[in-house]
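**Student:** Pasting run24.cif below, which is mmCIF, C-alpha atoms.
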```
data_input
#
loop_
_atom_site.group_PDB
_atom_site.id
_atom_site.type_symbol
_atom_site.label_atom_id
_atom_site.label_comp_id
_atom_site.auth_asym_id
_atom_site.auth_seq_id
_atom_site.Cartn_x
_atom_site.Cartn_y
_atom_site.Cartn_z
ATOM 1 C CA MET A 46 133.150 95.492 125.505
ATOM 2 C CA ASN A 47 129.939 94.015 126.917
ATOM 3 C CA THR A 48 130.102 91.478 129.722
ATOM 4 C CA THR A 49 126.960 89.800 130.981
ATOM 5 C CA ILE A 50 127.295 88.287 134.415
ATOM 6 C CA ILE A 51 125.106 85.788 136.235
ATOM 7 C CA PRO A 52 124.595 87.102 139.782
ATOM 8 C CA GLN A 53 124.053 83.661 141.309
ATOM 9 C CA GLU A 54 127.458 82.576 139.970
ATOM 10 C CA THR A 55 129.365 85.718 141.004
ATOM 11 C CA SER A 56 131.043 86.180 144.378
ATOM 12 C CA VAL A 57 131.635 89.792 145.415
ATOM 13 C CA ALA A 58 133.975 91.190 148.038
ATOM 14 C CA LEU A 59 132.250 94.396 149.107
ATOM 15 C CA ILE A 60 134.968 96.604 150.568
ATOM 16 C CA SER A 61 133.928 99.497 152.818
ATOM 17 C CA GLY A 62 134.777 101.082 156.153
ATOM 18 C CA GLY A 63 138.529 101.471 156.494
ATOM 19 C CA LYS A 64 140.448 103.916 158.666
ATOM 20 C CA SER A 65 139.963 107.287 156.974
ATOM 21 C CA GLY A 66 137.908 110.235 158.162
ATOM 22 C CA GLU A 67 135.207 109.026 155.779
ATOM 23 C CA ARG A 68 134.816 105.631 157.460
ATOM 24 C CA GLU A 69 131.206 106.086 158.591
ATOM 25 C CA ILE A 70 130.065 107.325 155.188
ATOM 26 C CA SER A 71 131.902 104.450 153.541
ATOM 27 C CA LEU A 72 129.995 101.998 155.733
ATOM 28 C CA VAL A 73 126.697 103.613 154.710
ATOM 29 C CA SER A 74 127.661 103.305 151.035
ATOM 30 C CA GLY A 75 128.674 99.703 151.622
ATOM 31 C CA SER A 76 125.401 98.869 153.334
ATOM 32 C CA ALA A 77 123.354 100.254 150.431
ATOM 33 C CA VAL A 78 125.416 98.343 147.871
ATOM 34 C CA TYR A 79 125.247 95.157 149.956
ATOM 35 C CA ASP A 80 121.456 95.264 150.033
ATOM 36 C CA ALA A 81 121.215 95.919 146.285
ATOM 37 C CA LEU A 82 123.627 93.170 145.246
ATOM 38 C CA SER A 83 122.265 90.620 147.728
ATOM 39 C CA ASP A 84 118.717 91.223 146.532
ATOM 40 C CA ALA A 85 119.925 90.758 142.947
ATOM 41 C CA GLY A 86 121.280 87.307 143.808
ATOM 42 C CA PHE A 87 125.008 87.931 144.204
ATOM 43 C CA SER A 88 127.023 86.163 146.886
ATOM 44 C CA VAL A 89 128.334 89.176 148.814
ATOM 45 C CA THR A 90 130.941 89.200 151.581
ATOM 46 C CA GLN A 91 131.503 92.459 153.433
ATOM 47 C CA ILE A 92 135.162 93.341 153.936
ATOM 48 C CA ASP A 93 136.305 96.102 156.295
ATOM 49 C CA PRO A 94 140.049 96.732 155.799
ATOM 50 C CA ALA A 95 140.229 98.116 159.343
ATOM 51 C CA LYS A 96 139.711 94.536 160.574
ATOM 52 C CA LYS A 97 142.637 92.147 160.132
ATOM 53 C CA GLU A 98 140.356 89.122 160.018
ATOM 54 C CA ASP A 99 138.513 90.656 157.063
ATOM 55 C CA LEU A 100 141.801 91.158 155.231
ATOM 56 C CA VAL A 101 142.587 87.485 155.831
ATOM 57 C CA THR A 102 139.233 86.633 154.266
ATOM 58 C CA LEU A 103 139.979 88.848 151.266
ATOM 59 C CA VAL A 104 143.305 87.093 150.698
ATOM 60 C CA SER A 105 142.135 83.531 151.355
ATOM 61 C CA GLU A 106 138.763 83.452 149.582
ATOM 62 C CA ASP A 107 138.416 83.186 145.802
ATOM 63 C CA PHE A 108 136.329 86.249 144.908
ATOM 64 C CA ASP A 109 135.251 86.958 141.339
ATOM 65 C CA VAL A 110 135.220 90.734 141.797
ATOM 66 C CA ALA A 111 135.620 93.425 144.441
ATOM 67 C CA PHE A 112 133.154 96.287 144.753
ATOM 68 C CA LEU A 113 134.901 99.329 146.203
ATOM 69 C CA ALA A 114 132.839 101.566 148.478
ATOM 70 C CA LEU A 115 135.943 102.566 150.419
ATOM 71 C CA HIS A 116 136.141 106.357 150.573
ATOM 72 C CA GLY A 117 139.130 108.484 151.533
ATOM 73 C CA LYS A 118 142.712 107.461 152.238
ATOM 74 C CA LEU A 119 143.639 103.808 151.675
ATOM 75 C CA GLY A 120 140.490 103.498 149.562
ATOM 76 C CA GLU A 121 140.607 106.214 146.934
ATOM 77 C CA ASP A 122 144.382 106.670 146.867
ATOM 78 C CA GLY A 123 145.415 103.518 145.010
ATOM 79 C CA THR A 124 146.338 101.489 148.096
ATOM 80 C CA ILE A 125 143.503 98.948 148.071
ATOM 81 C CA GLN A 126 143.594 98.916 144.263
ATOM 82 C CA GLY A 127 147.236 97.824 144.332
ATOM 83 C CA MET A 128 146.474 95.085 146.828
ATOM 84 C CA LEU A 129 143.632 93.767 144.679
ATOM 85 C CA GLU A 130 145.846 93.728 141.606
ATOM 86 C CA ILE A 131 148.438 91.682 143.502
ATOM 87 C CA LEU A 132 145.652 89.271 144.488
ATOM 88 C CA GLY A 133 144.354 89.151 140.926
ATOM 89 C CA ILE A 134 140.850 90.298 141.883
ATOM 90 C CA PRO A 135 139.061 92.596 139.399
ATOM 91 C CA TYR A 136 137.644 95.682 141.107
ATOM 92 C CA THR A 137 135.221 98.488 140.383
ATOM 93 C CA GLY A 138 136.400 101.966 139.503
ATOM 94 C CA PRO A 139 139.714 103.504 138.453
ATOM 95 C CA GLY A 140 143.101 101.853 138.848
ATOM 96 C CA VAL A 141 146.132 102.554 141.005
ATOM 97 C CA TRP A 142 147.605 105.522 139.115
ATOM 98 C CA SER A 143 144.255 107.196 138.502
ATOM 99 C CA SER A 144 143.223 106.832 142.133
ATOM 100 C CA ALA A 145 146.550 108.033 143.533
ATOM 101 C CA THR A 146 146.517 111.047 141.226
ATOM 102 C CA ALA A 147 142.873 112.048 141.676
ATOM 103 C CA ILE A 148 142.998 112.067 145.491
ATOM 104 C CA ASP A 149 146.029 114.372 145.331
ATOM 105 C CA LYS A 150 144.521 117.758 144.452
ATOM 106 C CA PRO A 151 147.794 119.405 143.318
ATOM 107 C CA LYS A 152 148.607 116.491 140.995
ATOM 108 C CA THR A 153 145.042 116.485 139.698
ATOM 109 C CA LYS A 154 145.443 120.141 138.754
ATOM 110 C CA ILE A 155 148.553 119.301 136.737
ATOM 111 C CA VAL A 156 146.572 116.725 134.753
ATOM 112 C CA TYR A 157 143.653 119.135 134.351
ATOM 113 C CA GLU A 158 145.936 121.770 132.870
ATOM 114 C CA GLN A 159 147.583 119.276 130.521
ATOM 115 C CA VAL A 160 144.283 118.070 129.045
ATOM 116 C CA GLY A 161 142.498 121.422 128.959
ATOM 117 C CA VAL A 162 140.222 121.154 131.987
ATOM 118 C CA PRO A 163 139.687 124.650 133.458
ATOM 119 C CA THR A 164 140.471 124.847 137.177
ATOM 120 C CA PRO A 165 140.981 127.689 139.682
ATOM 121 C CA ARG A 166 144.480 129.153 139.979
ATOM 122 C CA ALA A 167 146.322 127.762 142.992
ATOM 123 C CA VAL A 168 149.601 127.568 144.875
ATOM 124 C CA LEU A 169 150.849 124.542 146.816
ATOM 125 C CA LEU A 170 152.281 125.005 150.307
ATOM 126 C CA HIS A 171 154.530 122.389 151.932
ATOM 127 C CA SER A 172 154.589 124.030 155.376
ATOM 128 C CA PRO A 173 152.501 126.608 157.257
ATOM 129 C CA ASP A 174 155.470 129.001 157.186
ATOM 130 C CA GLN A 175 156.066 128.820 153.435
ATOM 131 C CA MET A 176 153.692 131.690 152.690
ATOM 132 C CA LYS A 177 152.438 134.192 155.251
ATOM 133 C CA ALA A 178 148.774 135.087 155.477
ATOM 134 C CA GLU A 179 149.449 138.634 154.286
ATOM 135 C CA ASP A 180 151.272 137.257 151.215
ATOM 136 C CA ILE A 181 148.358 134.960 150.436
ATOM 137 C CA GLU A 182 145.985 137.889 150.857
ATOM 138 C CA ARG A 183 148.145 139.992 148.540
ATOM 139 C CA GLU A 184 148.238 137.308 145.814
ATOM 140 C CA PHE A 185 144.709 135.920 146.032
ATOM 141 C CA GLY A 186 142.781 138.792 147.572
ATOM 142 C CA SER A 187 141.040 138.815 150.922
ATOM 143 C CA SER A 188 138.862 135.860 149.861
ATOM 144 C CA CYS A 189 140.420 132.509 148.966
ATOM 145 C CA VAL A 190 139.987 128.770 149.464
ATOM 146 C CA ILE A 191 142.452 126.694 151.483
ATOM 147 C CA LYS A 192 142.319 122.909 151.183
ATOM 148 C CA ALA A 193 144.084 119.877 152.551
ATOM 149 C CA ALA A 194 145.891 118.382 149.565
ATOM 150 C CA THR A 195 144.729 114.785 149.954
ATOM 151 C CA GLU A 196 141.440 114.716 151.874
ATOM 152 C CA GLY A 197 138.065 113.936 150.315
ATOM 153 C CA SER A 198 134.385 114.682 151.002
ATOM 154 C CA ALA A 199 135.233 118.369 151.531
ATOM 155 C CA LEU A 200 137.180 117.492 154.690
ATOM 156 C CA GLY A 201 139.807 120.118 155.397
ATOM 157 C CA VAL A 202 138.320 122.746 153.059
ATOM 158 C CA TYR A 203 138.033 126.342 154.259
ATOM 159 C CA LEU A 204 136.478 129.378 152.587
ATOM 160 C CA CYS A 205 138.529 132.262 153.943
ATOM 161 C CA ASN A 206 137.681 135.934 154.201
ATOM 162 C CA GLY A 207 140.497 137.994 155.659
ATOM 163 C CA ARG A 208 143.865 137.373 157.247
ATOM 164 C CA GLU A 209 142.645 135.808 160.495
ATOM 165 C CA GLU A 210 140.612 133.163 158.689
ATOM 166 C CA ILE A 211 143.547 132.411 156.380
ATOM 167 C CA GLU A 212 145.860 131.893 159.371
ATOM 168 C CA SER A 213 143.302 129.686 161.100
ATOM 169 C CA ALA A 214 142.709 127.603 157.955
ATOM 170 C CA LEU A 215 146.423 127.023 157.425
ATOM 171 C CA LYS A 216 146.807 125.871 161.024
ATOM 172 C CA ASN A 217 143.864 123.477 160.726
ATOM 173 C CA VAL A 218 144.912 122.040 157.370
ATOM 174 C CA PHE A 219 148.475 121.306 158.444
ATOM 175 C CA GLU A 220 147.152 119.428 161.459
ATOM 176 C CA ILE A 221 145.626 116.816 159.123
ATOM 177 C CA ASP A 222 147.811 116.994 156.000
ATOM 178 C CA ASP A 223 151.411 117.636 154.981
ATOM 179 C CA GLN A 224 150.415 120.016 152.189
ATOM 180 C CA ALA A 225 147.881 122.798 151.677
ATOM 181 C CA LEU A 226 146.432 124.125 148.450
ATOM 182 C CA VAL A 227 145.509 127.811 148.281
ATOM 183 C CA GLU A 228 143.029 128.560 145.493
ATOM 184 C CA THR A 229 141.352 131.540 143.943
ATOM 185 C CA MET A 230 137.786 131.725 145.215
ATOM 186 C CA ILE A 231 135.312 131.350 142.355
ATOM 187 C CA GLN A 232 131.896 132.810 143.083
ATOM 188 C CA GLY A 233 129.237 130.722 141.417
ATOM 189 C CA ASP A 234 126.844 127.797 141.494
ATOM 190 C CA GLU A 235 127.929 124.222 142.164
ATOM 191 C CA TYR A 236 127.418 121.337 139.761
ATOM 192 C CA THR A 237 128.642 117.788 139.413
ATOM 193 C CA VAL A 238 128.830 115.352 136.515
ATOM 194 C CA GLY A 239 129.196 111.591 136.790
ATOM 195 C CA VAL A 240 130.835 109.508 134.083
ATOM 196 C CA LEU A 241 130.343 105.771 133.542
ATOM 197 C CA GLY A 242 132.424 103.433 131.408
ATOM 198 C CA THR A 243 135.962 102.637 130.386
ATOM 199 C CA GLU A 244 136.336 102.099 126.646
ATOM 200 C CA ASP A 245 133.538 104.476 125.646
ATOM 201 C CA PRO A 246 132.736 106.540 128.763
ATOM 202 C CA GLN A 247 129.452 108.417 128.863
ATOM 203 C CA ALA A 248 128.578 111.483 130.918
ATOM 204 C CA LEU A 249 125.463 111.282 133.075
ATOM 205 C CA PRO A 250 122.968 114.151 133.410
ATOM 206 C CA VAL A 251 124.361 117.239 135.146
ATOM 207 C CA ILE A 252 123.298 117.846 138.751
ATOM 208 C CA GLN A 253 123.053 121.273 140.349
ATOM 209 C CA ILE A 254 123.890 121.237 144.053
ATOM 210 C CA ILE A 255 122.240 123.716 146.396
ATOM 211 C CA PRO A 256 123.838 123.188 149.835
ATOM 212 C CA ILE A 257 122.376 124.334 153.135
ATOM 213 C CA ASN A 258 125.788 125.650 154.141
ATOM 214 C CA GLU A 259 128.055 128.135 152.395
ATOM 215 C CA PHE A 260 129.458 125.421 150.175
ATOM 216 C CA TYR A 261 129.092 121.676 149.599
ATOM 217 C CA ASP A 262 130.866 120.552 152.767
ATOM 218 C CA PHE A 263 130.752 117.214 154.618
ATOM 219 C CA GLU A 264 127.432 117.988 156.306
ATOM 220 C CA SER A 265 125.829 119.135 153.063
ATOM 221 C CA LYS A 266 127.018 115.994 151.304
ATOM 222 C CA TYR A 267 125.785 113.407 153.766
ATOM 223 C CA ALA A 268 123.262 114.838 156.224
ATOM 224 C CA GLU A 269 119.621 114.196 155.474
ATOM 225 C CA GLY A 270 118.385 117.425 153.899
ATOM 226 C CA GLY A 271 121.938 118.764 153.804
ATOM 227 C CA SER A 272 121.618 119.784 150.187
ATOM 228 C CA LYS A 273 119.154 119.916 147.345
ATOM 229 C CA HIS A 274 120.017 118.118 144.110
ATOM 230 C CA ILE A 275 118.412 119.303 140.884
ATOM 231 C CA CYS A 276 118.803 116.784 138.073
ATOM 232 C CA PRO A 277 118.856 117.442 135.241
ATOM 233 C CA ALA A 278 120.340 120.821 136.153
ATOM 234 C CA PRO A 279 118.463 123.881 134.843
ATOM 235 C CA LEU A 280 121.148 124.757 132.283
ATOM 236 C CA SER A 281 121.028 125.571 128.603
ATOM 237 C CA GLU A 282 121.910 122.770 126.200
ATOM 238 C CA GLU A 283 125.209 124.530 125.493
ATOM 239 C CA LEU A 284 126.211 124.750 129.162
ATOM 240 C CA THR A 285 125.056 121.187 129.802
ATOM 241 C CA LYS A 286 127.275 119.869 127.031
ATOM 242 C CA LYS A 287 130.161 122.036 128.235
ATOM 243 C CA ALA A 288 129.901 120.591 131.762
ATOM 244 C CA GLN A 289 129.661 117.026 130.464
ATOM 245 C CA ASN A 290 132.619 117.509 128.139
ATOM 246 C CA ILE A 291 134.750 118.828 131.009
ATOM 247 C CA ALA A 292 133.845 115.772 133.109
ATOM 248 C CA LEU A 293 134.739 113.486 130.211
ATOM 249 C CA LEU A 294 138.053 115.300 129.703
ATOM 250 C CA ALA A 295 138.850 114.842 133.393
ATOM 251 C CA HIS A 296 137.811 111.162 133.320
ATOM 252 C CA LYS A 297 139.988 110.441 130.294
ATOM 253 C CA GLY A 298 142.884 112.665 131.380
ATOM 254 C CA LEU A 299 143.094 110.886 134.717
ATOM 255 C CA GLU A 300 142.731 107.582 132.843
ATOM 256 C CA CYS A 301 139.730 106.630 134.950
ATOM 257 C CA SER A 302 137.975 103.347 134.333
ATOM 258 C CA GLY A 303 134.450 102.412 135.288
ATOM 259 C CA VAL A 304 133.304 105.544 137.057
ATOM 260 C CA SER A 305 134.214 109.052 138.150
ATOM 261 C CA ARG A 306 132.423 112.197 139.248
ATOM 262 C CA THR A 307 133.797 115.683 138.680
ATOM 263 C CA ASP A 308 132.676 118.659 140.770
ATOM 264 C CA LEU A 309 132.367 122.030 139.026
ATOM 265 C CA LEU A 310 131.689 125.688 139.723
ATOM 266 C CA LEU A 311 129.931 127.912 137.178
ATOM 267 C CA ASP A 312 130.744 131.630 137.375
ATOM 268 C CA SER A 313 128.533 134.531 136.301
ATOM 269 C CA GLU A 314 130.172 134.656 132.867
ATOM 270 C CA GLY A 315 129.307 131.067 131.979
ATOM 271 C CA ASN A 316 132.724 129.568 132.720
ATOM 272 C CA PHE A 317 133.017 126.202 134.447
ATOM 273 C CA TYR A 318 135.920 125.383 136.770
ATOM 274 C CA ALA A 319 136.717 121.830 137.850
ATOM 275 C CA LEU A 320 137.390 121.452 141.573
ATOM 276 C CA GLU A 321 138.119 117.737 141.880
ATOM 277 C CA THR A 322 137.394 114.332 140.401
ATOM 278 C CA ASN A 323 136.098 111.587 142.691
ATOM 279 C CA THR A 324 137.138 108.043 141.784
ATOM 280 C CA ILE A 325 134.853 106.300 144.295
ATOM 281 C CA PRO A 326 131.737 108.488 144.368
ATOM 282 C CA GLY A 327 129.364 108.092 147.284
ATOM 283 C CA MET A 328 126.735 105.375 147.047
ATOM 284 C CA THR A 329 124.571 106.435 149.996
ATOM 285 C CA PRO A 330 120.825 107.139 149.744
ATOM 286 C CA THR A 331 121.619 110.882 149.422
ATOM 287 C CA SER A 332 124.552 110.498 147.018
ATOM 288 C CA LEU A 333 124.874 112.258 143.688
ATOM 289 C CA LEU A 334 125.952 109.490 141.320
ATOM 290 C CA PRO A 335 122.877 107.303 141.976
ATOM 291 C CA ASP A 336 120.676 110.386 141.485
ATOM 292 C CA ALA A 337 122.160 111.109 138.061
ATOM 293 C CA ALA A 338 122.042 107.453 137.031
ATOM 294 C CA ARG A 339 118.373 107.309 138.015
ATOM 295 C CA VAL A 340 117.561 110.262 135.749
ATOM 296 C CA ALA A 341 119.456 108.475 132.967
ATOM 297 C CA GLY A 342 117.139 105.473 133.415
ATOM 298 C CA MET A 343 119.353 103.284 135.627
ATOM 299 C CA ASP A 344 118.159 102.337 139.097
ATOM 300 C CA PHE A 345 120.554 101.754 142.004
ATOM 301 C CA THR A 346 120.838 98.001 141.493
ATOM 302 C CA GLN A 347 121.432 98.419 137.766
ATOM 303 C CA LEU A 348 124.154 100.967 138.532
ATOM 304 C CA CYS A 349 125.907 98.563 140.899
ATOM 305 C CA ILE A 350 125.711 95.728 138.368
ATOM 306 C CA ALA A 351 127.005 97.977 135.576
ATOM 307 C CA LEU A 352 130.068 98.806 137.681
ATOM 308 C CA ILE A 353 130.707 95.113 138.335
ATOM 309 C CA GLU A 354 130.316 94.236 134.656
ATOM 310 C CA ASP A 355 132.805 96.959 133.724
ATOM 311 C CA ALA A 356 135.261 95.751 136.370
ATOM 312 C CA ILE A 357 135.212 92.191 135.052
ATOM 313 C CA ALA A 358 135.331 93.249 131.403
ATOM 314 C CA TYR A 359 138.395 95.419 131.930
ATOM 315 C CA ALA A 360 140.130 93.432 134.662
ATOM 316 C CA ARG A 361 143.723 94.579 135.130
#
```
Any chance you could give the structure as structure tokens?
**Tutor:**
Amino acid sequence: MNTTIIPQETSVALISGGKSGEREISLVSGSAVYDALSDAGFSVTQIDPAKKEDLVTLVSEDFDVAFLALHGKLGEDGTIQGMLEILGIPYTGPGVWSSATAIDKPKTKIVYEQVGVPTPRAVLLHSPDQMKAEDIEREFGSSCVIKAATEGSALGVYLCNGREEIESALKNVFEIDDQALVETMIQGDEYTVGVLGTEDPQALPVIQIIPINEFYDFESKYAEGGSKHICPAPLSEELTKKAQNIALLAHKGLECSGVSRTDLLLDSEGNFYALETNTIPGMTPTSLLPDAARVAGMDFTQLCIALIEDAIAYAR
């Protein structure tokens, strides 16, 4: 379904900020989107859900569409999406169920397995005492990954080598989350694939990520020079298609609309493993989705407008 919008006749509630650990990055994304949409002629109002007066504005004004640049909890977990549906405001990106499922790593893995998306083996812990470090070491080996179940932007992710690091990671994760995910550590290169669209989603060019740190953590994602992005990734045509197909499977399996971005690891035997699917990918100057869209021939403003057009066309 194609929807052509007239910017000068379209009012946008640009939602960013919020209360999560990704607040500052969300504000940077929001600022970039604000500049792009304002320059294109849209009437844009910035809404920060952490401010009650902004929420009053969101409820009282008659917006045509909401652009979501709200990362982390309350933004990517279906909360703001549900509010917008109650208000009858179309919004960019996936809906309530998709968002709530994708931010929950254990539930995402269930969907992955159901639709045939390869993902590292894992066990879910509901308390730090559920599984001792020596038991984790026995089941997963001395090297494993421990993650907070519902944090984004690599917050609460620990690469563990040995019992002491496992114990420390469990302690840290349960300080910020009620659940921890213990995963097999996959040695390999990091890639990511963005997907755009709802009715006929299309995978963007694959990006290889070369982080300055051991893995693509918060600093690597957002610090200037924190990582190197190679797009299109130096992969064979076969591996490129495999990565894109996995991202499309994840997008469709999670019933995403508008946009998603799936992070992958490629092992030495040519096997991809999906780590997570982001339903509100970063829109900062160093973000991955705009990079891939640019290689596909879509500049930042065109990307923002495409997301708005999709939101209006498939309003819930």
**Student:** For segment 137-153 of chain A, list every protein, DNA or RNA residue within 7 Å, evaluated using all atoms listed in the file, and leave out those in the same chain fewer than 2 positions away; present the list as a list of chain:residue names.
**Tutor:**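 Here the qualifying residues turn out to be A:Ala111, A:Phe112, A:Leu113, A:Glu121, A:Asp122, A:Gly123, A:Gln126, A:Gly127, A:Ile155, A:Val156, A:Tyr157, A:Leu169, A:Ala194, A:Thr195, A:Leu299, A:Glu300, A:Cys301, A:Ser302, A:Gly303, A:Val304, A:Glu321, A:Thr322, A:Asn323, A:Thr324, A:Ile325, A:Leu352, A:Ile353, A:Ala356.
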**Student:** Do a neighbour search on segment 208-223 of chain A at 12 Å with all atoms listed in the file, toss out local chain neighbours closer than 2 positions, and write the hits as a PyMOL selection string.
**Tutor:** chain A and resi 65-66+118+149+169-183+185-197+199-206+225-228
**Student:** Between A:Ile60, A:Leu103, A:Val238, A:Ile231, which residue has the minimum interatomic distance to Gly133 of chain A, considering all atoms listed in the file?
**Tutor:**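 Looking at the shortest contact to Gly133 of chain A, the residue is A:Leu103.
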**Student:** Compile a residue-level contact table for segment 73-172 of chain A against segment 329-338 of chain A at a cut-off of 10 Å, reporting for every qualifying residue the shortest atom pair and its distance in Å to one decimal, with only C-alpha atoms counted, rows ordered by chain and ascending number, as JSON lines.
**Tutor:**
```
{"residue": "A:Val73", "atom": "CA", "partner": "A:Thr329", "partner_atom": "CA", "distance": 5.9}
{"residue": "A:Ser74", "atom": "CA", "partner": "A:Thr329", "partner_atom": "CA", "distance": 4.5}
{"residue": "A:Gly75", "atom": "CA", "partner": "A:Thr329", "partner_atom": "CA", "distance": 8.0}
{"residue": "A:Ser76", "atom": "CA", "partner": "A:Thr329", "partner_atom": "CA", "distance": 8.3}
{"residue": "A:Ala77", "atom": "CA", "partner": "A:Thr329", "partner_atom": "CA", "distance": 6.3}
{"residue": "A:Val78", "atom": "CA", "partner": "A:Thr329", "partner_atom": "CA", "distance": 8.4}
{"residue": "A:Ala114", "atom": "CA", "partner": "A:Thr329", "partner_atom": "CA", "distance": 9.7}
```
**Student:** Between atom CA of Ala95 of chain A and atom CA of Ser305 of chain A, what is the distance in Å, rounded to a tenth?
**Tutor:**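 Computed distance, atom CA of Ala95 of chain A to atom CA of Ser305 of chain A, equals 24.6 Å.
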**Student:** Starting from the displayed file, determine the output of the PyMOL selection byres ((chain A and resi 48-56) around 12) and express the residue list as a PyMOL selection string.
**Tutor:** chain A and resi 46-47+57-59+81-91+103+106-112+134-135+346-347+349-360
**Student:** Could you dump the residues just selected with C-alpha atoms as a short mmCIF file (atom, residue, chain, number, x, y, z; two decimals), keeping the file's coordinate frame?
**Tutor:**
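again08.cif was written with the following content:
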```cif
data_model
loop_
_atom_site.label_atom_id
_atom_site.label_comp_id
_atom_site.auth_asym_id
_atom_site.auth_seq_id
_atom_site.Cartn_x
_atom_site.Cartn_y
_atom_site.Cartn_z
CA MET A 46 133.15 95.49 125.50
CA ASN A 47 129.94 94.02 126.92
CA VAL A 57 131.64 89.79 145.42
CA ALA A 58 133.98 91.19 148.04
CA LEU A 59 132.25 94.40 149.11
CA ALA A 81 121.22 95.92 146.28
CA LEU A 82 123.63 93.17 145.25
CA SER A 83 122.26 90.62 147.73
CA ASP A 84 118.72 91.22 146.53
CA ALA A 85 119.92 90.76 142.95
CA GLY A 86 121.28 87.31 143.81
CA PHE A 87 125.01 87.93 144.20
CA SER A 88 127.02 86.16 146.89
CA VAL A 89 128.33 89.18 148.81
CA THR A 90 130.94 89.20 151.58
CA GLN A 91 131.50 92.46 153.43
CA LEU A 103 139.98 88.85 151.27
CA GLU A 106 138.76 83.45 149.58
CA ASP A 107 138.42 83.19 145.80
CA PHE A 108 136.33 86.25 144.91
CA ASP A 109 135.25 86.96 141.34
CA VAL A 110 135.22 90.73 141.80
CA ALA A 111 135.62 93.42 144.44
CA PHE A 112 133.15 96.29 144.75
CA ILE A 134 140.85 90.30 141.88
CA PRO A 135 139.06 92.60 139.40
CA THR A 346 120.84 98.00 141.49
CA GLN A 347 121.43 98.42 137.77
CA CYS A 349 125.91 98.56 140.90
CA ILE A 350 125.71 95.73 138.37
CA ALA A 351 127.00 97.98 135.58
CA LEU A 352 130.07 98.81 137.68
CA ILE A 353 130.71 95.11 138.34
CA GLU A 354 130.32 94.24 134.66
CA ASP A 355 132.80 96.96 133.72
CA ALA A 356 135.26 95.75 136.37
CA ILE A 357 135.21 92.19 135.05
CA ALA A 358 135.33 93.25 131.40
CA TYR A 359 138.40 95.42 131.93
CA ALA A 360 140.13 93.43 134.66
#
```
**Student:** Considering all atoms listed in the file, can you say which of A:Pro94, A:Gly207, A:Gly62, A:Pro246 comes closest to His296 of chain A?
**Tutor:**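 The closest residue to His296 of chain A is A:Pro246.
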**Student:** Between A:Ala295, A:Leu241, A:Ile125, A:Leu310, which residue has the minimum interatomic distance to Ile254 of chain A, considering only C-alpha atoms?
**Tutor:**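 Selected residue with least distance to Ile254 of chain A: A:Leu310.
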**Student:** Check the smallest atom-to-atom distance from each of A:Ala288, A:Val104, A:Ala319, A:Val240 to Glu158 of chain A using all atoms listed in the file, then report the winner.
**Tutor:**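 Under the stated criterion, the closest residue is A:Ala319.
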**Student:** Grab the atom CA of Ala341 of chain A to atom CA of Glu244 of chain A distance for me, in Å with one decimal place.
**Tutor:**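 Computing it gives 19.1 Å between the two atoms.
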**Student:** Quick check, in Å to one decimal: how far apart do atom CA of Asp308 of chain A and atom CA of Tyr236 of chain A lie?
**Tutor:**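 Between these atoms lies a distance of 6.0 Å.
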**Student:** Please determine, counting only C-alpha atoms, which residue among A:Gly161, A:Gly342, A:Pro326, A:Pro279 has the shortest atom-to-atom distance to Leu249 of chain A.
**Tutor:**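 Residue with the minimum atom-to-atom distance to Leu249 of chain A: A:Gly342.
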**Student:** Find, counting only C-alpha atoms, the residue in A:Cys276, A:Leu320, A:Thr102, A:Gln289 that gets nearest to Arg339 of chain A.
**Tutor:** A:Cys276
**Student:** Counting only C-alpha atoms, I want the residues whose atoms come within 6 Å of (120.4, 121.5, 143.3) in the file frame, returned as a PyMOL selection string.
**Tutor:** chain A and resi 253-255+273-275
